[in-house]
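Q: First the structure, which I've put down as structure tokens, then a few questions once you've had a look.
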Amino acid sequence: MDILTKDLLHDGLIMQSQVDRLVNQGVNKTLILKHITQSGFMTNDRLVRYIVDKIRNGKYELALLQKYDYIKENDVLSKLSEKLNLEFIDLDFFDIDHELTNNIPLVQLQKFHAIPLYEDDMHLFIALSDPLNIQAKESLQRLFPKKPIKLKVALKKQITTHLFKVEIKDKEIVLVKKIREELNSINNVEEQQEASSILLLIDVILNTCIKQRASDVHIEPAERNCSVRGRIDGKLSEIFIFPKDIYAPLASRLKLLANLDIAEKRKPQDGRFSTNVGKVEYDFRISTLPTLYGESIVMRVLDKQKALVKLEEAGMDSVSYQKFLKGLSAPYGIILVTGPTGSGKTTTLYGALNELKDSADKVITVEDPVEYRMNMIQQVQVNPKVGLNFSDALRSILRQDPDKIMIGEIRDQETLEIAIKAALTGHLVISTLHTNDAISAIPRMADMGIEHYLISGALVAIQAQRLVRKICPSCKVVEEISPSALEELCKLIPEDAKFYTGKGCKECNDTGYTGREMICEVLNIDDELSSLIAKGASKDALLAHAKETGFIPIFENGIQKALEGITSLEEILRVAK
């Protein structure tokens with residue numbers, strides 16, 4: 001049991017009988033307090049006042065709140081500030097004088113989670129995330145000796161964000177100036193590409209894009225400038241704009257990092273490189289494309305930690321997870337993951353590989369390209385230039401005595417035929433296929449020239465998936481849905497159903513969303529469904545039988561996520577309808 005729940009019990013603010021009842025209902029001990037506050041036995045205001053008193057007495061630290069996502073930090077800080085006669089402010093709506101940070105080491109401000117706000121004739125006002133930190137106050141006064149400081153209180157996350165913006169802006173100005181000075185002093189093109197300032201600029205770009213959760217980095221030359229955009233939660237957002245003269249050395253250096261031909265600017269090229277961003281190593285898959293004003297460069301960010309992702313952590317609900325796990329436990333057969341481009345199929349494949357990894361089995365993959373490198377798994381990258389395509393690689397793989405095979409994508413009839421034969425000869429095969437839903441994969445394979453009896457004999461399970469944006473928790477509000485829309489969904493939702501949306505705030509760049517999660521449907525092939533496939537039954541007949549045996553379509557799975565407040569109804573209708 002967590003310390004907060006124990007202390008509330010000890011002080012008699014919640015009853016043991018309430019805790020016992022929730023434990024008997026199967027509630028996780030770490031979530032007991034959440035259930036008690038949601039049920040109204042302990043109001044949020046009363047809980048916040050209790051925590052504030054404990055913080056003031058030195059029993060708790062503010063860091064404790066990180067363990068309780070349902071206790072809002074701003075509620076606690078607001079109440080704590082009130083008790084200390086300090087003002088609690090929202091930095092997103094505060095006009096900060098950034099010139100105050102010009103001559104102060106940012107590392108000191110970052111250390112104490114503080115940012116100077118403004119000054120008047122008498123005082124300098126500073127926002128601090130922990131108003132009880134006496135050492136921070138004394139150190140800040142030494143940093144600003146000319147005037148006595150006065151404190152205001154702000155969220156640690158907001159202070160960190162604003163300090164990061166100051167750091168990036170400062171670095172950008174200094175780097176652009178330094179790059180120009182270096183380029184003007186160097187006449188040799190090769191030496192220009194090796195300029196240290198260009199490497200620093202690349203580091204700033206990658207650091208910023210990753211910090212903002214970008215999955216892709218787009219560097220695009222225009223007539224007068226060069227823009228850097230990041231794909232955040234599926235949408236492109238502009239992060240930097242550089243002068244046009246910075247583009248050429250920047251592009252050349254990135255091509256050098258990826259071992260591309262820097263002299264070739266008329267043809268598309270592909271490559272990859274690895275580098276540390278902060279303390280984490282990332283792989284970057286780079287693609288260049290000649291455009292009117294230069295080469296468009298796109299870098300896919302490959303976080304190596306994603307190769308270790310667990311399926312249930314990717315947003316797969318427990319029912320779908322158990323169904324998919326059942327398919328993965330089959331001794332042989334083919335399992336397909338379907339969906340459009342950018343729906344997270346590759347991440348799901350790697351999650352499946354993590355479930356399949358076993359020192360007793362030989363696991364081989366064939367991919368184009370290999371996105372994440374994994375231990376205990378033999379990974380093959382196709383190379384059409386030397387005649388190694390999916391079908392050729394698969395034939396060779398079958399002579400390597402594999403137990404389990406992962407094919408990055410089934411693109412043609414030949415690859416599918418070999419995969420089906422491998423599945424029928426005692427191998428477990430997992431792969432992806434481009435179809436809109438799970439059932440559609442069956443007629444799609446038939447259209448590719450595979451006999452129905454082969455499909456029925458080889459197929460074990462099919463998963464279809466999409467990625468939906470998650471509602472930003474900072475601006476989440478109940479959404480009013482039109483009666484006509486609710487009428488269409490009446491069979492899928494309870495009468496008193498509530499849906500939520502994000503109204504937009506600084507945290508989510510006014511989009512209302514932050515992060516993405518999977519919605520999916522999993523179809524397990526039982527004996528009767530296998531028989532229907534072998535007979536060439538229609539898609540409708542297959543779907544009818546699947547629903548009879550508990551199949552939940554992706555749209556219904558999405559509606560459930562919307563009812564849980566994870567995403568909005570609008571997002572589900574956009575992605576899955």
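How things are named: the first chain in the structure tokens is A, the next is B, and so on; residues count from 1 in each chain; ligands count from 1 in the order shown.
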Neighbouring residues of Met316 in chain A were defined as those with any atom within 12 Å, considering only C-alpha atoms; residues of the same chain fewer than 3 positions away were excluded. Please report them as JSON, numbers by chain.
A: {"A": [309, 310, 311, 312, 313, 319, 320, 321, 322, 323, 324, 325, 344, 347, 348, 351, 463, 464, 465, 466, 467, 516, 517, 518, 519, 520, 521, 522, 554, 557, 558, 561]}
Q: With N, CA, C and O atoms kept, could you save the residues just selected as a CSV table (one decimal), in the first residue's frame?
A:
```
chain,number,residue,atom,x,y,z
A,309,VAL,N,9.3,-2.5,-26.6
A,309,VAL,CA,7.9,-2.2,-26.2
A,309,VAL,C,7.1,-3.5,-26.0
A,309,VAL,O,7.3,-4.5,-26.7
A,310,LYS,N,6.3,-3.4,-25.0
A,310,LYS,CA,5.3,-4.5,-24.7
A,310,LYS,C,4.0,-4.1,-25.3
A,310,LYS,O,3.6,-3.0,-25.3
A,311,LEU,N,3.3,-5.2,-25.9
A,311,LEU,CA,2.1,-4.9,-26.6
A,311,LEU,C,1.0,-4.2,-25.8
A,311,LEU,O,0.4,-3.3,-26.2
A,312,GLU,N,0.9,-4.6,-24.5
A,312,GLU,CA,-0.1,-4.0,-23.6
A,312,GLU,C,0.2,-2.5,-23.3
A,312,GLU,O,-0.6,-1.7,-23.1
A,313,GLU,N,1.5,-2.2,-23.4
A,313,GLU,CA,2.0,-0.8,-23.2
A,313,GLU,C,1.7,0.1,-24.4
A,313,GLU,O,1.8,1.3,-24.3
A,319,VAL,N,-8.5,-7.4,-23.6
A,319,VAL,CA,-9.1,-8.5,-24.4
A,319,VAL,C,-8.4,-8.8,-25.7
A,319,VAL,O,-8.1,-9.9,-26.0
A,320,SER,N,-8.1,-7.7,-26.4
A,320,SER,CA,-7.3,-7.9,-27.7
A,320,SER,C,-6.0,-8.5,-27.4
A,320,SER,O,-5.5,-9.3,-28.2
A,321,TYR,N,-5.3,-8.0,-26.3
A,321,TYR,CA,-4.0,-8.5,-26.0
A,321,TYR,C,-4.0,-10.1,-25.8
A,321,TYR,O,-3.2,-10.8,-26.3
A,322,GLN,N,-5.0,-10.5,-25.1
A,322,GLN,CA,-5.1,-12.0,-24.8
A,322,GLN,C,-5.4,-12.7,-26.1
A,322,GLN,O,-4.9,-13.8,-26.3
A,323,LYS,N,-6.2,-12.2,-27.0
A,323,LYS,CA,-6.5,-12.8,-28.3
A,323,LYS,C,-5.2,-12.9,-29.1
A,323,LYS,O,-4.9,-13.9,-29.7
A,324,PHE,N,-4.5,-11.8,-29.2
A,324,PHE,CA,-3.3,-11.8,-30.0
A,324,PHE,C,-2.2,-12.7,-29.4
A,324,PHE,O,-1.5,-13.4,-30.1
A,325,LEU,N,-2.1,-12.8,-28.1
A,325,LEU,CA,-1.2,-13.7,-27.4
A,325,LEU,C,-1.5,-15.1,-27.7
A,325,LEU,O,-0.6,-15.9,-27.9
A,344,GLY,N,1.4,2.2,-37.0
A,344,GLY,CA,2.1,1.5,-35.9
A,344,GLY,C,2.2,0.0,-36.1
A,344,GLY,O,2.5,-0.7,-35.1
A,347,THR,N,5.8,-1.3,-35.0
A,347,THR,CA,5.9,-1.3,-33.5
A,347,THR,C,5.3,-2.6,-33.0
A,347,THR,O,5.8,-3.2,-32.1
A,348,THR,N,4.1,-2.9,-33.5
A,348,THR,CA,3.4,-4.1,-33.1
A,348,THR,C,4.2,-5.4,-33.4
A,348,THR,O,4.3,-6.3,-32.6
A,351,GLY,N,6.8,-5.7,-30.9
A,351,GLY,CA,6.2,-6.1,-29.6
A,351,GLY,C,6.0,-7.6,-29.7
A,351,GLY,O,6.2,-8.3,-28.7
A,463,GLN,N,-4.7,-9.1,-37.0
A,463,GLN,CA,-5.0,-7.9,-36.2
A,463,GLN,C,-5.0,-6.7,-37.2
A,463,GLN,O,-4.1,-6.5,-38.0
A,464,ALA,N,-6.0,-5.8,-37.0
A,464,ALA,CA,-6.1,-4.5,-37.7
A,464,ALA,C,-5.9,-3.4,-36.7
A,464,ALA,O,-6.4,-3.6,-35.6
A,465,GLN,N,-5.2,-2.4,-37.0
A,465,GLN,CA,-5.0,-1.3,-36.0
A,465,GLN,C,-4.9,0.1,-36.7
A,465,GLN,O,-4.7,0.2,-37.9
A,466,ARG,N,-5.1,1.1,-35.8
A,466,ARG,CA,-5.0,2.5,-36.2
A,466,ARG,C,-4.3,3.2,-35.0
A,466,ARG,O,-4.3,2.6,-33.9
A,467,LEU,N,-3.8,4.4,-35.2
A,467,LEU,CA,-3.3,5.2,-34.1
A,467,LEU,C,-4.3,6.4,-33.9
A,467,LEU,O,-4.6,7.1,-34.9
A,516,ARG,N,-0.2,9.5,-28.8
A,516,ARG,CA,-1.1,8.6,-29.5
A,516,ARG,C,-1.2,7.3,-28.9
A,516,ARG,O,-0.3,6.8,-28.2
A,517,GLU,N,-2.3,6.6,-29.2
A,517,GLU,CA,-2.5,5.2,-28.7
A,517,GLU,C,-3.2,4.4,-29.7
A,517,GLU,O,-3.9,4.9,-30.6
A,518,MET,N,-3.0,3.1,-29.6
A,518,MET,CA,-3.6,2.1,-30.6
A,518,MET,C,-5.0,1.8,-30.3
A,518,MET,O,-5.4,1.7,-29.2
A,519,ILE,N,-5.8,1.7,-31.4
A,519,ILE,CA,-7.1,1.0,-31.3
A,519,ILE,C,-7.0,-0.1,-32.3
A,519,ILE,O,-6.3,0.0,-33.3
A,520,CYS,N,-7.6,-1.3,-32.0
A,520,CYS,CA,-7.4,-2.4,-32.8
A,520,CYS,C,-8.6,-3.4,-32.8
A,520,CYS,O,-9.5,-3.3,-32.0
A,521,GLU,N,-8.5,-4.4,-33.6
A,521,GLU,CA,-9.4,-5.5,-33.6
A,521,GLU,C,-8.6,-6.8,-33.9
A,521,GLU,O,-7.6,-6.7,-34.7
A,522,VAL,N,-8.8,-7.8,-33.2
A,522,VAL,CA,-8.1,-9.1,-33.4
A,522,VAL,C,-9.0,-10.2,-33.7
A,522,VAL,O,-10.0,-10.5,-33.0
A,554,ILE,N,-12.9,-2.8,-34.9
A,554,ILE,CA,-12.0,-1.7,-34.5
A,554,ILE,C,-12.8,-0.4,-34.1
A,554,ILE,O,-12.4,0.3,-33.2
A,557,ASN,N,-14.0,-0.8,-30.6
A,557,ASN,CA,-12.9,-0.7,-29.7
A,557,ASN,C,-12.5,0.8,-29.5
A,557,ASN,O,-12.2,1.2,-28.4
A,558,GLY,N,-12.6,1.6,-30.6
A,558,GLY,CA,-12.4,3.0,-30.5
A,558,GLY,C,-13.4,3.7,-29.7
A,558,GLY,O,-13.1,4.6,-28.9
A,561,LYS,N,-12.6,3.4,-26.1
A,561,LYS,CA,-11.5,4.3,-25.7
A,561,LYS,C,-12.0,5.7,-25.5
A,561,LYS,O,-11.6,6.4,-24.6
```
Q: Give me the residues near Cys505 in chain A as an NGL selection string, where near means some atom within 8 Å (using only C-alpha atoms) and where sequence neighbours in that chain fewer than 5 positions away do not count.
A: :A and (474-475 or 510-512)
Q: With only C-alpha atoms as the atoms that count, which of A:Leu117, A:Thr338, A:Tyr247, A:Glu223 lies nearest to Tyr293 in chain A?
A: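 For Tyr293 in chain A, the nearest of the candidates is A:Glu223.
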Q: From the options A:Thr415, A:Ile32, A:Lys255, A:Asn133, which residue's atoms come nearest to Lys6 in chain A, counting only C-alpha atoms?
A: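 Among the listed residues, the smallest separation from Lys6 in chain A belongs to A:Ile32.
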Q: In Å, with one decimal, what is the gap from CA of Val280 in chain A to CA of Phe112 in chain A?
A: 23.6 Å
Q: Quick one: pick out all helix (DSSP H, G or I) residues within range 337-443 of chain A from a backbone DSSP run and write them as an mmCIF file with N, CA, C and O atoms, in the first residue's frame.
A:
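The resulting out00.cif:
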```
data_model
loop_
_atom_site.group_PDB
_atom_site.id
_atom_site.type_symbol
_atom_site.label_atom_id
_atom_site.label_comp_id
_atom_site.auth_asym_id
_atom_site.auth_seq_id
_atom_site.Cartn_x
_atom_site.Cartn_y
_atom_site.Cartn_z
ATOM 1 N N LYS A 345 2.132 -0.497 -37.303
ATOM 2 C CA LYS A 345 2.232 -1.952 -37.526
ATOM 3 C C LYS A 345 3.620 -2.478 -37.164
ATOM 4 O O LYS A 345 3.748 -3.537 -36.557
ATOM 5 N N THR A 346 4.662 -1.730 -37.537
ATOM 6 C CA THR A 346 6.029 -2.186 -37.262
ATOM 7 C C THR A 346 6.288 -2.278 -35.758
ATOM 8 O O THR A 346 6.903 -3.229 -35.279
ATOM 9 N N THR A 347 5.785 -1.305 -35.002
ATOM 10 C CA THR A 347 5.944 -1.344 -33.546
ATOM 11 C C THR A 347 5.264 -2.576 -32.963
ATOM 12 O O THR A 347 5.793 -3.224 -32.059
ATOM 13 N N THR A 348 4.093 -2.920 -33.511
ATOM 14 C CA THR A 348 3.384 -4.120 -33.051
ATOM 15 C C THR A 348 4.178 -5.384 -33.381
ATOM 16 O O THR A 348 4.253 -6.322 -32.576
ATOM 17 N N LEU A 349 4.795 -5.414 -34.572
ATOM 18 C CA LEU A 349 5.621 -6.572 -34.942
ATOM 19 C C LEU A 349 6.775 -6.758 -33.959
ATOM 20 O O LEU A 349 7.085 -7.877 -33.533
ATOM 21 N N TYR A 350 7.423 -5.643 -33.585
ATOM 22 C CA TYR A 350 8.529 -5.740 -32.637
ATOM 23 C C TYR A 350 8.034 -6.144 -31.252
ATOM 24 O O TYR A 350 8.712 -6.867 -30.518
ATOM 25 N N GLY A 351 6.835 -5.678 -30.895
ATOM 26 C CA GLY A 351 6.231 -6.115 -29.640
ATOM 27 C C GLY A 351 5.980 -7.612 -29.659
ATOM 28 O O GLY A 351 6.198 -8.316 -28.669
ATOM 29 N N ALA A 352 5.516 -8.126 -30.814
ATOM 30 C CA ALA A 352 5.288 -9.564 -30.968
ATOM 31 C C ALA A 352 6.608 -10.336 -30.879
ATOM 32 O O ALA A 352 6.685 -11.406 -30.272
ATOM 33 N N LEU A 353 7.671 -9.765 -31.492
ATOM 34 C CA LEU A 353 8.986 -10.417 -31.432
ATOM 35 C C LEU A 353 9.481 -10.522 -29.992
ATOM 36 O O LEU A 353 10.105 -11.511 -29.609
ATOM 37 N N ASN A 354 9.191 -9.497 -29.193
ATOM 38 C CA ASN A 354 9.595 -9.544 -27.786
ATOM 39 C C ASN A 354 8.881 -10.665 -27.034
ATOM 40 O O ASN A 354 9.438 -11.259 -26.111
ATOM 41 N N GLU A 355 7.615 -10.924 -27.448
ATOM 42 C CA GLU A 355 6.874 -12.028 -26.836
ATOM 43 C C GLU A 355 7.441 -13.373 -27.295
ATOM 44 O O GLU A 355 7.415 -14.356 -26.557
ATOM 45 N N LEU A 356 7.947 -13.414 -28.534
ATOM 46 C CA LEU A 356 8.406 -14.681 -29.117
ATOM 47 C C LEU A 356 9.850 -15.019 -28.771
ATOM 48 O O LEU A 356 10.269 -16.169 -28.889
ATOM 49 N N PRO A 384 17.519 -4.635 -52.924
ATOM 50 C CA PRO A 384 17.179 -4.905 -54.323
ATOM 51 C C PRO A 384 18.338 -4.668 -55.288
ATOM 52 O O PRO A 384 18.403 -5.278 -56.356
ATOM 53 N N LYS A 385 19.294 -3.775 -54.903
ATOM 54 C CA LYS A 385 20.415 -3.459 -55.798
ATOM 55 C C LYS A 385 21.288 -4.675 -56.079
ATOM 56 O O LYS A 385 21.914 -4.771 -57.130
ATOM 57 N N VAL A 386 21.335 -5.595 -55.094
ATOM 58 C CA VAL A 386 22.144 -6.806 -55.300
ATOM 59 C C VAL A 386 21.260 -8.034 -55.505
ATOM 60 O O VAL A 386 21.715 -9.169 -55.424
ATOM 61 N N PHE A 390 12.408 -9.560 -50.841
ATOM 62 C CA PHE A 390 11.733 -10.328 -49.791
ATOM 63 C C PHE A 390 11.659 -11.822 -50.124
ATOM 64 O O PHE A 390 11.945 -12.678 -49.291
ATOM 65 N N SER A 391 11.266 -12.121 -51.353
ATOM 66 C CA SER A 391 11.075 -13.535 -51.716
ATOM 67 C C SER A 391 12.408 -14.296 -51.718
ATOM 68 O O SER A 391 12.489 -15.432 -51.235
ATOM 69 N N ASP A 392 13.484 -13.660 -52.246
ATOM 70 C CA ASP A 392 14.807 -14.316 -52.256
ATOM 71 C C ASP A 392 15.312 -14.546 -50.831
ATOM 72 O O ASP A 392 15.838 -15.611 -50.501
ATOM 73 N N ALA A 393 15.141 -13.512 -49.982
ATOM 74 C CA ALA A 393 15.592 -13.628 -48.596
ATOM 75 C C ALA A 393 14.829 -14.737 -47.870
ATOM 76 O O ALA A 393 15.407 -15.515 -47.113
ATOM 77 N N LEU A 394 13.510 -14.821 -48.143
ATOM 78 C CA LEU A 394 12.694 -15.837 -47.478
ATOM 79 C C LEU A 394 13.130 -17.250 -47.846
ATOM 80 O O LEU A 394 13.174 -18.145 -47.007
ATOM 81 N N ARG A 395 13.450 -17.451 -49.105
ATOM 82 C CA ARG A 395 13.894 -18.788 -49.542
ATOM 83 C C ARG A 395 15.173 -19.198 -48.780
ATOM 84 O O ARG A 395 15.313 -20.335 -48.340
ATOM 85 N N SER A 396 16.081 -18.235 -48.639
ATOM 86 C CA SER A 396 17.329 -18.529 -47.927
ATOM 87 C C SER A 396 17.082 -18.750 -46.440
ATOM 88 O O SER A 396 17.713 -19.601 -45.813
ATOM 89 N N ILE A 397 16.155 -17.983 -45.886
ATOM 90 C CA ILE A 397 15.827 -18.104 -44.463
ATOM 91 C C ILE A 397 15.342 -19.514 -44.140
ATOM 92 O O ILE A 397 15.704 -20.098 -43.116
ATOM 93 N N LEU A 398 14.541 -20.082 -45.033
ATOM 94 C CA LEU A 398 13.978 -21.413 -44.789
ATOM 95 C C LEU A 398 15.065 -22.492 -44.761
ATOM 96 O O LEU A 398 14.842 -23.586 -44.233
ATOM 97 N N GLN A 413 2.693 -11.433 -54.615
ATOM 98 C CA GLN A 413 2.199 -12.805 -54.560
ATOM 99 C C GLN A 413 3.307 -13.798 -54.199
ATOM 100 O O GLN A 413 3.098 -14.717 -53.405
ATOM 101 N N GLU A 414 4.493 -13.599 -54.746
ATOM 102 C CA GLU A 414 5.586 -14.542 -54.523
ATOM 103 C C GLU A 414 5.970 -14.607 -53.048
ATOM 104 O O GLU A 414 6.132 -15.695 -52.476
ATOM 105 N N THR A 415 6.078 -13.416 -52.414
ATOM 106 C CA THR A 415 6.416 -13.375 -50.981
ATOM 107 C C THR A 415 5.320 -14.047 -50.163
ATOM 108 O O THR A 415 5.598 -14.808 -49.229
ATOM 109 N N LEU A 416 4.057 -13.773 -50.509
ATOM 110 C CA LEU A 416 2.934 -14.358 -49.779
ATOM 111 C C LEU A 416 2.918 -15.873 -49.924
ATOM 112 O O LEU A 416 2.686 -16.599 -48.945
ATOM 113 N N GLU A 417 3.187 -16.361 -51.119
ATOM 114 C CA GLU A 417 3.204 -17.812 -51.356
ATOM 115 C C GLU A 417 4.251 -18.501 -50.481
ATOM 116 O O GLU A 417 3.980 -19.530 -49.857
ATOM 117 N N ILE A 418 5.452 -17.931 -50.430
ATOM 118 C CA ILE A 418 6.528 -18.532 -49.635
ATOM 119 C C ILE A 418 6.178 -18.477 -48.147
ATOM 120 O O ILE A 418 6.424 -19.424 -47.394
ATOM 121 N N ALA A 419 5.575 -17.352 -47.720
ATOM 122 C CA ALA A 419 5.180 -17.201 -46.317
ATOM 123 C C ALA A 419 4.130 -18.247 -45.929
ATOM 124 O O ALA A 419 4.207 -18.856 -44.859
ATOM 125 N N ILE A 420 3.152 -18.470 -46.819
ATOM 126 C CA ILE A 420 2.098 -19.465 -46.570
ATOM 127 C C ILE A 420 2.709 -20.868 -46.487
ATOM 128 O O ILE A 420 2.393 -21.662 -45.589
ATOM 129 N N LYS A 421 3.610 -21.165 -47.414
ATOM 130 C CA LYS A 421 4.263 -22.486 -47.410
ATOM 131 C C LYS A 421 5.090 -22.683 -46.134
ATOM 132 O O LYS A 421 5.105 -23.776 -45.548
ATOM 133 N N ALA A 422 5.775 -21.625 -45.698
ATOM 134 C CA ALA A 422 6.561 -21.710 -44.461
ATOM 135 C C ALA A 422 5.645 -21.969 -43.266
ATOM 136 O O ALA A 422 5.971 -22.767 -42.381
ATOM 137 N N ALA A 423 4.469 -21.296 -43.270
ATOM 138 C CA ALA A 423 3.515 -21.476 -42.174
ATOM 139 C C ALA A 423 2.965 -22.897 -42.160
ATOM 140 O O ALA A 423 2.720 -23.471 -41.090
ATOM 141 N N LEU A 424 2.771 -23.478 -43.351
ATOM 142 C CA LEU A 424 2.202 -24.828 -43.453
ATOM 143 C C LEU A 424 3.244 -25.914 -43.172
ATOM 144 O O LEU A 424 2.874 -27.083 -42.979
ATOM 145 N N ALA A 441 -8.336 -8.891 -44.989
ATOM 146 C CA ALA A 441 -7.063 -9.537 -45.317
ATOM 147 C C ALA A 441 -7.291 -10.879 -46.014
ATOM 148 O O ALA A 441 -6.473 -11.304 -46.844
ATOM 149 N N ILE A 442 -8.411 -11.551 -45.704
ATOM 150 C CA ILE A 442 -8.681 -12.881 -46.279
ATOM 151 C C ILE A 442 -8.981 -12.791 -47.778
ATOM 152 O O ILE A 442 -8.301 -13.437 -48.585
ATOM 153 N N PRO A 443 -9.976 -11.977 -48.220
ATOM 154 C CA PRO A 443 -10.182 -11.836 -49.669
ATOM 155 C C PRO A 443 -8.985 -11.206 -50.381
ATOM 156 O O PRO A 443 -8.730 -11.485 -51.543
#
```
Q: Find the residues around range 297-302 of chain A up to 6 Å (only C-alpha atoms counted), leave out those fewer than 2 positions away in its own chain, and share them as a list in words.
A: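 The neighbour list is Ser215, Asp216, Val217, His218, Ile219, Tyr282, Asp283, Phe284, Arg285, Ile286, Ser287 and Thr288 of chain A.
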Q: Store the residues picked out above, limited to C-alpha atoms, as a PDB file, in the first residue's frame.
A:
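What follows is the written file again.pdb:
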```
ATOM      1  CA  SER A 215       8.499  10.862 -34.907  1.00  0.00           C
ATOM      2  CA  ASP A 216       9.953  12.418 -38.093  1.00  0.00           C
ATOM      3  CA  VAL A 217      12.111  15.480 -38.760  1.00  0.00           C
ATOM      4  CA  HIS A 218      11.547  17.321 -42.067  1.00  0.00           C
ATOM      5  CA  ILE A 219      14.239  19.739 -43.322  1.00  0.00           C
ATOM      6  CA  TYR A 282      18.776   6.978 -31.306  1.00  0.00           C
ATOM      7  CA  ASP A 283      18.892   5.666 -34.856  1.00  0.00           C
ATOM      8  CA  PHE A 284      17.856   8.016 -37.652  1.00  0.00           C
ATOM      9  CA  ARG A 285      16.677   6.712 -41.017  1.00  0.00           C
ATOM     10  CA  ILE A 286      17.331   9.458 -43.559  1.00  0.00           C
ATOM     11  CA  SER A 287      15.772   9.995 -46.985  1.00  0.00           C
ATOM     12  CA  THR A 288      16.616  12.734 -49.500  1.00  0.00           C
TER      13      THR A 288
END
```
